[in-house]
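Have a look at target.cif; it's mmCIF, C-alpha atoms:
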```cif
data_entry
loop_
_atom_site.group_PDB
_atom_site.id
_atom_site.type_symbol
_atom_site.label_atom_id
_atom_site.label_comp_id
_atom_site.auth_asym_id
_atom_site.auth_seq_id
_atom_site.Cartn_x
_atom_site.Cartn_y
_atom_site.Cartn_z
ATOM 1 C CA MET A 245 -150.434 73.691 10.916
ATOM 2 C CA LYS A 246 -147.559 75.928 9.904
ATOM 3 C CA THR A 247 -145.562 73.295 8.059
ATOM 4 C CA ARG A 248 -145.359 73.362 4.309
ATOM 5 C CA LEU A 249 -146.806 69.840 4.189
ATOM 6 C CA GLY A 250 -149.715 70.869 6.430
ATOM 7 C CA GLN A 251 -150.429 73.888 4.248
ATOM 8 C CA LYS A 252 -150.354 71.736 1.125
ATOM 9 C CA ILE A 253 -152.806 69.260 2.664
ATOM 10 C CA MET A 254 -155.142 72.062 3.687
ATOM 11 C CA SER A 255 -155.031 73.568 0.210
ATOM 12 C CA LEU A 256 -155.802 70.207 -1.389
ATOM 13 C CA LEU A 257 -158.663 69.548 1.040
ATOM 14 C CA ARG A 258 -160.150 72.954 0.236
ATOM 15 C CA GLN A 259 -160.120 71.884 -3.407
ATOM 16 C CA GLY A 260 -161.737 68.546 -2.534
ATOM 17 C CA ARG A 261 -158.749 66.602 -3.865
ATOM 18 C CA GLU A 262 -159.070 63.628 -1.529
ATOM 19 C CA GLU A 263 -157.229 61.238 -3.845
ATOM 20 C CA THR A 264 -154.171 63.493 -3.949
ATOM 21 C CA VAL A 265 -154.165 63.899 -0.177
ATOM 22 C CA ALA A 266 -154.470 60.135 0.213
ATOM 23 C CA GLY A 267 -151.439 59.725 -2.036
ATOM 24 C CA LEU A 268 -149.469 62.122 0.143
ATOM 25 C CA ALA A 269 -150.373 60.206 3.298
ATOM 26 C CA ILE A 270 -149.330 56.939 1.674
ATOM 27 C CA SER A 271 -146.022 58.248 0.331
ATOM 28 C CA ASP A 272 -145.070 60.330 3.371
ATOM 29 C CA ARG A 273 -146.249 59.228 6.815
ATOM 30 C CA ARG A 274 -145.507 62.740 8.101
ATOM 31 C CA ALA A 275 -148.645 63.819 6.217
ATOM 32 C CA LEU A 276 -150.803 61.696 8.496
ATOM 33 C CA ARG A 277 -150.622 64.080 11.437
ATOM 34 C CA PRO A 278 -151.814 67.206 9.603
ATOM 35 C CA LEU A 279 -154.404 65.148 7.713
ATOM 36 C CA MET A 280 -155.856 63.724 10.909
ATOM 37 C CA GLY A 281 -155.760 67.182 12.458
ATOM 38 C CA ARG A 282 -158.128 68.428 9.742
ATOM 39 C CA LEU A 283 -160.810 66.098 11.136
ATOM 40 C CA TRP A 284 -161.264 68.767 13.827
ATOM 41 C CA ASP A 285 -161.310 71.713 11.401
ATOM 42 C CA PRO A 286 -164.126 74.212 12.038
ATOM 43 C CA ASP A 287 -165.251 73.824 8.404
ATOM 44 C CA PRO A 288 -167.407 70.681 8.017
ATOM 45 C CA ARG A 289 -166.467 70.473 4.332
ATOM 46 C CA ILE A 290 -162.761 70.218 5.225
ATOM 47 C CA ARG A 291 -163.563 67.580 7.866
ATOM 48 C CA ARG A 292 -165.564 65.574 5.319
ATOM 49 C CA HIS A 293 -162.757 65.690 2.737
ATOM 50 C CA ALA A 294 -160.166 64.735 5.367
ATOM 51 C CA ALA A 295 -162.278 61.721 6.376
ATOM 52 C CA GLY A 296 -162.662 60.775 2.720
ATOM 53 C CA ALA A 297 -158.921 61.045 2.126
ATOM 54 C CA MET A 298 -158.290 58.797 5.107
ATOM 55 C CA GLY A 299 -160.678 56.203 3.708
ATOM 56 C CA ARG A 300 -158.927 56.334 0.342
ATOM 57 C CA SER A 301 -155.531 56.012 2.052
ATOM 58 C CA ALA A 302 -156.694 52.934 3.945
ATOM 59 C CA GLU A 303 -158.010 51.349 0.782
ATOM 60 C CA ALA A 304 -154.693 51.809 -1.006
ATOM 61 C CA HIS A 305 -152.520 50.965 2.002
ATOM 62 C CA PRO A 306 -154.267 48.751 4.598
ATOM 63 C CA THR A 307 -151.372 48.907 7.070
ATOM 64 C CA LEU A 308 -151.705 52.686 7.120
ATOM 65 C CA GLY A 309 -155.473 52.261 7.484
ATOM 66 C CA LEU A 310 -155.037 50.119 10.568
ATOM 67 C CA GLU A 311 -152.665 52.679 12.053
ATOM 68 C CA MET A 312 -155.253 55.429 11.473
ATOM 69 C CA VAL A 313 -158.035 53.330 13.030
ATOM 70 C CA ARG A 314 -155.923 52.688 16.116
ATOM 71 C CA ARG A 315 -155.173 56.394 16.522
ATOM 72 C CA LEU A 316 -158.828 57.324 16.111
ATOM 73 C CA MET A 317 -159.964 54.655 18.560
ATOM 74 C CA TRP A 318 -157.403 55.934 21.045
ATOM 75 C CA ALA A 319 -158.906 59.426 20.722
ATOM 76 C CA LEU A 320 -162.365 57.994 21.394
ATOM 77 C CA ASN A 321 -161.143 56.069 24.425
ATOM 78 C CA ASP A 322 -159.823 59.255 25.982
ATOM 79 C CA GLU A 323 -161.565 60.293 29.209
ATOM 80 C CA ALA A 324 -163.784 62.607 27.192
ATOM 81 C CA ALA A 325 -164.745 60.543 24.158
ATOM 82 C CA THR A 326 -166.361 63.587 22.596
ATOM 83 C CA ASN A 327 -162.804 64.792 21.908
ATOM 84 C CA GLY A 328 -162.699 62.059 19.281
ATOM 85 C CA VAL A 329 -166.153 62.693 17.841
ATOM 86 C CA PHE A 330 -164.891 64.165 14.581
ATOM 87 C CA GLY A 331 -162.687 61.130 13.997
ATOM 88 C CA ILE A 332 -165.766 58.917 13.819
ATOM 89 C CA ALA A 333 -166.539 60.017 10.258
ATOM 90 C CA ALA A 334 -163.057 58.887 9.221
ATOM 91 C CA LEU A 335 -163.684 55.509 10.855
ATOM 92 C CA GLY A 336 -166.852 55.267 8.780
ATOM 93 C CA GLU A 337 -164.997 56.116 5.578
ATOM 94 C CA ILE A 338 -162.237 53.620 6.353
ATOM 95 C CA GLY A 339 -164.883 50.992 7.108
ATOM 96 C CA HIS A 340 -166.725 51.827 3.898
ATOM 97 C CA ARG A 341 -163.651 51.378 1.729
ATOM 98 C CA CYS A 342 -161.989 48.596 3.778
ATOM 99 C CA PRO A 343 -164.556 46.849 5.958
ATOM 100 C CA GLU A 344 -162.050 44.170 6.927
ATOM 101 C CA ILE A 345 -159.857 46.777 8.645
ATOM 102 C CA LEU A 346 -162.692 48.121 10.765
ATOM 103 C CA GLU A 347 -164.360 44.766 11.483
ATOM 104 C CA PRO A 348 -162.545 44.096 14.803
ATOM 105 C CA PHE A 349 -163.465 47.586 15.999
ATOM 106 C CA ILE A 350 -167.221 47.485 15.295
ATOM 107 C CA SER A 351 -168.256 46.026 18.646
ATOM 108 C CA PRO A 352 -166.050 48.422 20.639
ATOM 109 C CA LEU A 353 -167.585 51.307 18.671
ATOM 110 C CA VAL A 354 -171.096 50.042 19.330
ATOM 111 C CA SER A 355 -170.295 49.806 23.044
ATOM 112 C CA MET A 356 -169.685 53.578 23.007
ATOM 113 C CA ALA A 357 -173.216 54.324 21.766
ATOM 114 C CA TRP A 358 -174.353 55.003 25.342
ATOM 115 C CA ASP A 359 -172.576 58.369 25.003
ATOM 116 C CA GLU A 360 -175.129 60.812 23.599
ATOM 117 C CA GLY A 361 -172.319 63.164 22.574
ATOM 118 C CA ILE A 362 -171.045 60.746 19.951
ATOM 119 C CA ARG A 363 -174.051 58.493 19.244
ATOM 120 C CA LEU A 364 -175.317 60.261 16.126
ATOM 121 C CA GLU A 365 -171.871 60.265 14.515
ATOM 122 C CA LEU A 366 -171.472 56.577 15.395
ATOM 123 C CA LEU A 367 -174.776 55.737 13.743
ATOM 124 C CA LYS A 368 -173.795 57.640 10.605
ATOM 125 C CA ALA A 369 -170.360 55.990 10.464
ATOM 126 C CA LEU A 370 -171.838 52.532 10.973
ATOM 127 C CA GLY A 371 -174.231 53.353 8.136
ATOM 128 C CA ARG A 372 -171.239 53.928 5.858
ATOM 129 C CA VAL A 373 -169.802 50.572 6.925
ATOM 130 C CA ALA A 374 -173.156 48.862 6.346
ATOM 131 C CA GLU A 375 -173.246 50.231 2.792
ATOM 132 C CA ALA A 376 -170.128 48.170 2.083
ATOM 133 C CA ASP A 377 -170.698 45.134 4.302
ATOM 134 C CA PRO A 378 -174.059 44.957 6.119
ATOM 135 C CA ARG A 379 -173.177 41.810 8.053
ATOM 136 C CA LEU A 380 -170.562 43.722 10.069
ATOM 137 C CA VAL A 381 -173.241 45.886 11.647
ATOM 138 C CA ARG A 382 -176.180 43.483 11.588
ATOM 139 C CA ARG A 383 -175.057 41.538 14.647
ATOM 140 C CA ASP A 384 -174.977 44.705 16.784
ATOM 141 C CA LEU A 385 -178.296 46.268 15.767
ATOM 142 C CA ALA A 386 -180.125 45.162 18.919
ATOM 143 C CA ARG A 387 -177.380 46.611 21.146
ATOM 144 C CA LEU A 388 -177.467 49.861 19.209
ATOM 145 C CA GLU A 389 -181.234 50.057 19.303
ATOM 146 C CA ALA A 390 -181.155 50.029 23.104
ATOM 147 C CA PHE A 391 -179.220 53.310 23.061
ATOM 148 C CA VAL A 392 -181.140 55.217 20.376
ATOM 149 C CA ASP A 393 -183.025 58.194 21.719
ATOM 150 C CA GLU A 394 -186.322 58.048 19.823
ATOM 151 C CA SER A 395 -187.064 61.677 20.751
ATOM 152 C CA GLN A 396 -184.049 62.795 18.674
ATOM 153 C CA GLU A 397 -185.270 62.810 15.078
ATOM 154 C CA GLU A 398 -181.846 62.839 13.435
ATOM 155 C CA GLU A 399 -180.646 59.989 15.644
ATOM 156 C CA ARG A 400 -183.813 57.985 15.039
ATOM 157 C CA ASP A 401 -183.501 58.525 11.271
ATOM 158 C CA ALA A 402 -179.824 57.487 11.268
ATOM 159 C CA PHE A 403 -180.718 54.280 13.101
ATOM 160 C CA GLN A 404 -183.616 53.534 10.742
ATOM 161 C CA ARG A 405 -181.273 53.991 7.780
ATOM 162 C CA LEU A 406 -178.815 51.636 9.430
ATOM 163 C CA VAL A 407 -181.549 49.036 9.936
ATOM 164 C CA ALA A 408 -182.574 49.379 6.294
ATOM 165 C CA LEU A 409 -178.973 48.797 5.215
ATOM 166 C CA ALA A 410 -177.999 46.083 7.668
ATOM 167 C CA GLY A 411 -181.121 44.114 8.482
ATOM 168 C CA GLU A 412 -183.962 43.861 10.924
ATOM 169 C CA SER A 413 -183.951 45.533 14.317
ATOM 170 C CA ASN A 414 -184.660 43.602 17.474
ATOM 171 C CA ARG A 415 -188.079 45.210 17.700
ATOM 172 C CA GLU A 416 -189.030 43.911 14.230
ATOM 173 C CA ARG A 417 -187.990 40.337 15.139
ATOM 174 C CA ASN A 418 -190.282 40.251 18.194
#
```

Do you think you could lay out the structure here as structure tokens?
Amino acid sequence: MKTRLGQKIMSLLRQGREETVAGLAISDRRALRPLMGRLWDPDPRIRRHAAGAMGRSAEAHPTLGLEMVRRLMWALNDEAATNGVFGIAALGEIGHRCPEILEPFISPLVSMAWDEGIRLELLKALGRVAEADPRLVRRDLARLEAFVDESQEEERDAFQRLVALAGESNRERN
């Protein structure tokens, strides 16, 4: 990230200025690459702000949002889906701000929940989507529940939060 634009994005993310970064991504598509690259930053705060900026960008420019979702899904569909694990938070933020953009990708995301390396992040991201539009996640709760590892407290809690946001689990209906 030696470009001037990349350095500017990093500086803004350090300051938590997601709205400004989103504006850069909207006005200059070249900003998308360094912004998406920050999703893999070692600093979780930078990753969180980058995901937030991507959500804001999608809200203001849905075509750009769809492009970001496609790139992130491509990273997850790589042979080692865990390479795309940090992009999942951005999918959640995009889905929170623009559920209609993420809607066609919910089922494919849920189908990846078998992968324990990304499951927790998927549950958290789907929770963000459910905050905005619970019906998008509700239909896949039973499929998700089949993958949840009850022995993993954080995973179990993320799923329970998702159920609380989106509706009943399969177990509660029986």

Show which residues sit within 8 Å of Phe391 in chain A, as a list in words. Count all atoms listed in the file, and ignore same-chain residues fewer than 3 positions away.
->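 Final neighbour list, sorted by chain and number: Ala357, Trp358, Arg387 and Leu388 of chain A.
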
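Each of A:Gly371, A:Pro378, A:Gly267, A:Pro286 was compared to Gln404 in chain A using only C-alpha atoms, and A:Gly371 turns out to be the nearest.
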
Run through the PyMOL selection byres ((chain A and resi 335) around 9) on the given coordinates and return the selected residues as a ChimeraX atom specification.
-> /A:295,298-299,312-313,316-317,331-334,336-340,346,369-370,373

Reference answer for the PyMOL selection byres ((chain A and resi 275-282) around 7), as a compact mmCIF listing (two decimals) with C-alpha atoms, keeping the file's coordinate frame:
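Resulting contents of expr.txt:
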```txt
# COMPACT_ATOMS: atom_id res chain seq x y z
CA MET A 245 -150.43 73.69 10.92
CA LEU A 249 -146.81 69.84 4.19
CA GLY A 250 -149.72 70.87 6.43
CA ILE A 253 -152.81 69.26 2.66
CA LEU A 268 -149.47 62.12 0.14
CA ALA A 269 -150.37 60.21 3.30
CA ASP A 272 -145.07 60.33 3.37
CA ARG A 273 -146.25 59.23 6.82
CA ARG A 274 -145.51 62.74 8.10
CA LEU A 283 -160.81 66.10 11.14
CA TRP A 284 -161.26 68.77 13.83
CA ASP A 285 -161.31 71.71 11.40
CA ILE A 290 -162.76 70.22 5.22
CA ARG A 291 -163.56 67.58 7.87
CA ALA A 294 -160.17 64.74 5.37
```

Between A:Leu256, A:Ala266, A:Leu406, A:Ile362, single out the one closest to Leu385 in chain A, counting all atoms listed in the file.
->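 Of the candidates, the smallest distance to Leu385 in chain A is held by A:Leu406.
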
Hey, can you check how far CA of Gly361 in chain A sits from CA of Val392 in chain A?
->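 Pair CA of Gly361 in chain A / CA of Val392 in chain A returns 12.1 Å.
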
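Taking CA of His305 in chain A and CA of Ile270 in chain A as endpoints, the distance between them is 6.8 Å.
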
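Evaluated against the shown file, the PyMOL selection byres ((chain A and resi 345) around 9) gives A:Ala302, A:Pro306, A:Thr307, A:Gly309, A:Leu310, A:Val313, A:Ile338, A:Gly339, A:Cys342, A:Pro343, A:Glu344, A:Leu346, A:Glu347, A:Pro348, A:Phe349.
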
Take CA of Arg300 in chain A and CA of Asp401 in chain A and report the distance between them in Å, one decimal.
->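 Result for CA of Arg300 in chain A versus CA of Asp401 in chain A: 27.0 Å, one decimal.
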
Do you know which residues lie at most 10 Å from (-180.8, 58.3, 12.7), with coordinates as in the file and only C-alpha atoms counted, and could you write them as a list in words?
->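 The residues near that point, listed by chain and number, are Arg363, Leu364, Glu365, Leu366, Leu367, Lys368, Gly371, Val392, Asp393, Glu394, Gln396, Glu397, Glu398, Glu399, Arg400, Asp401, Ala402, Phe403, Gln404, Arg405, Leu406 and Val407 of chain A.
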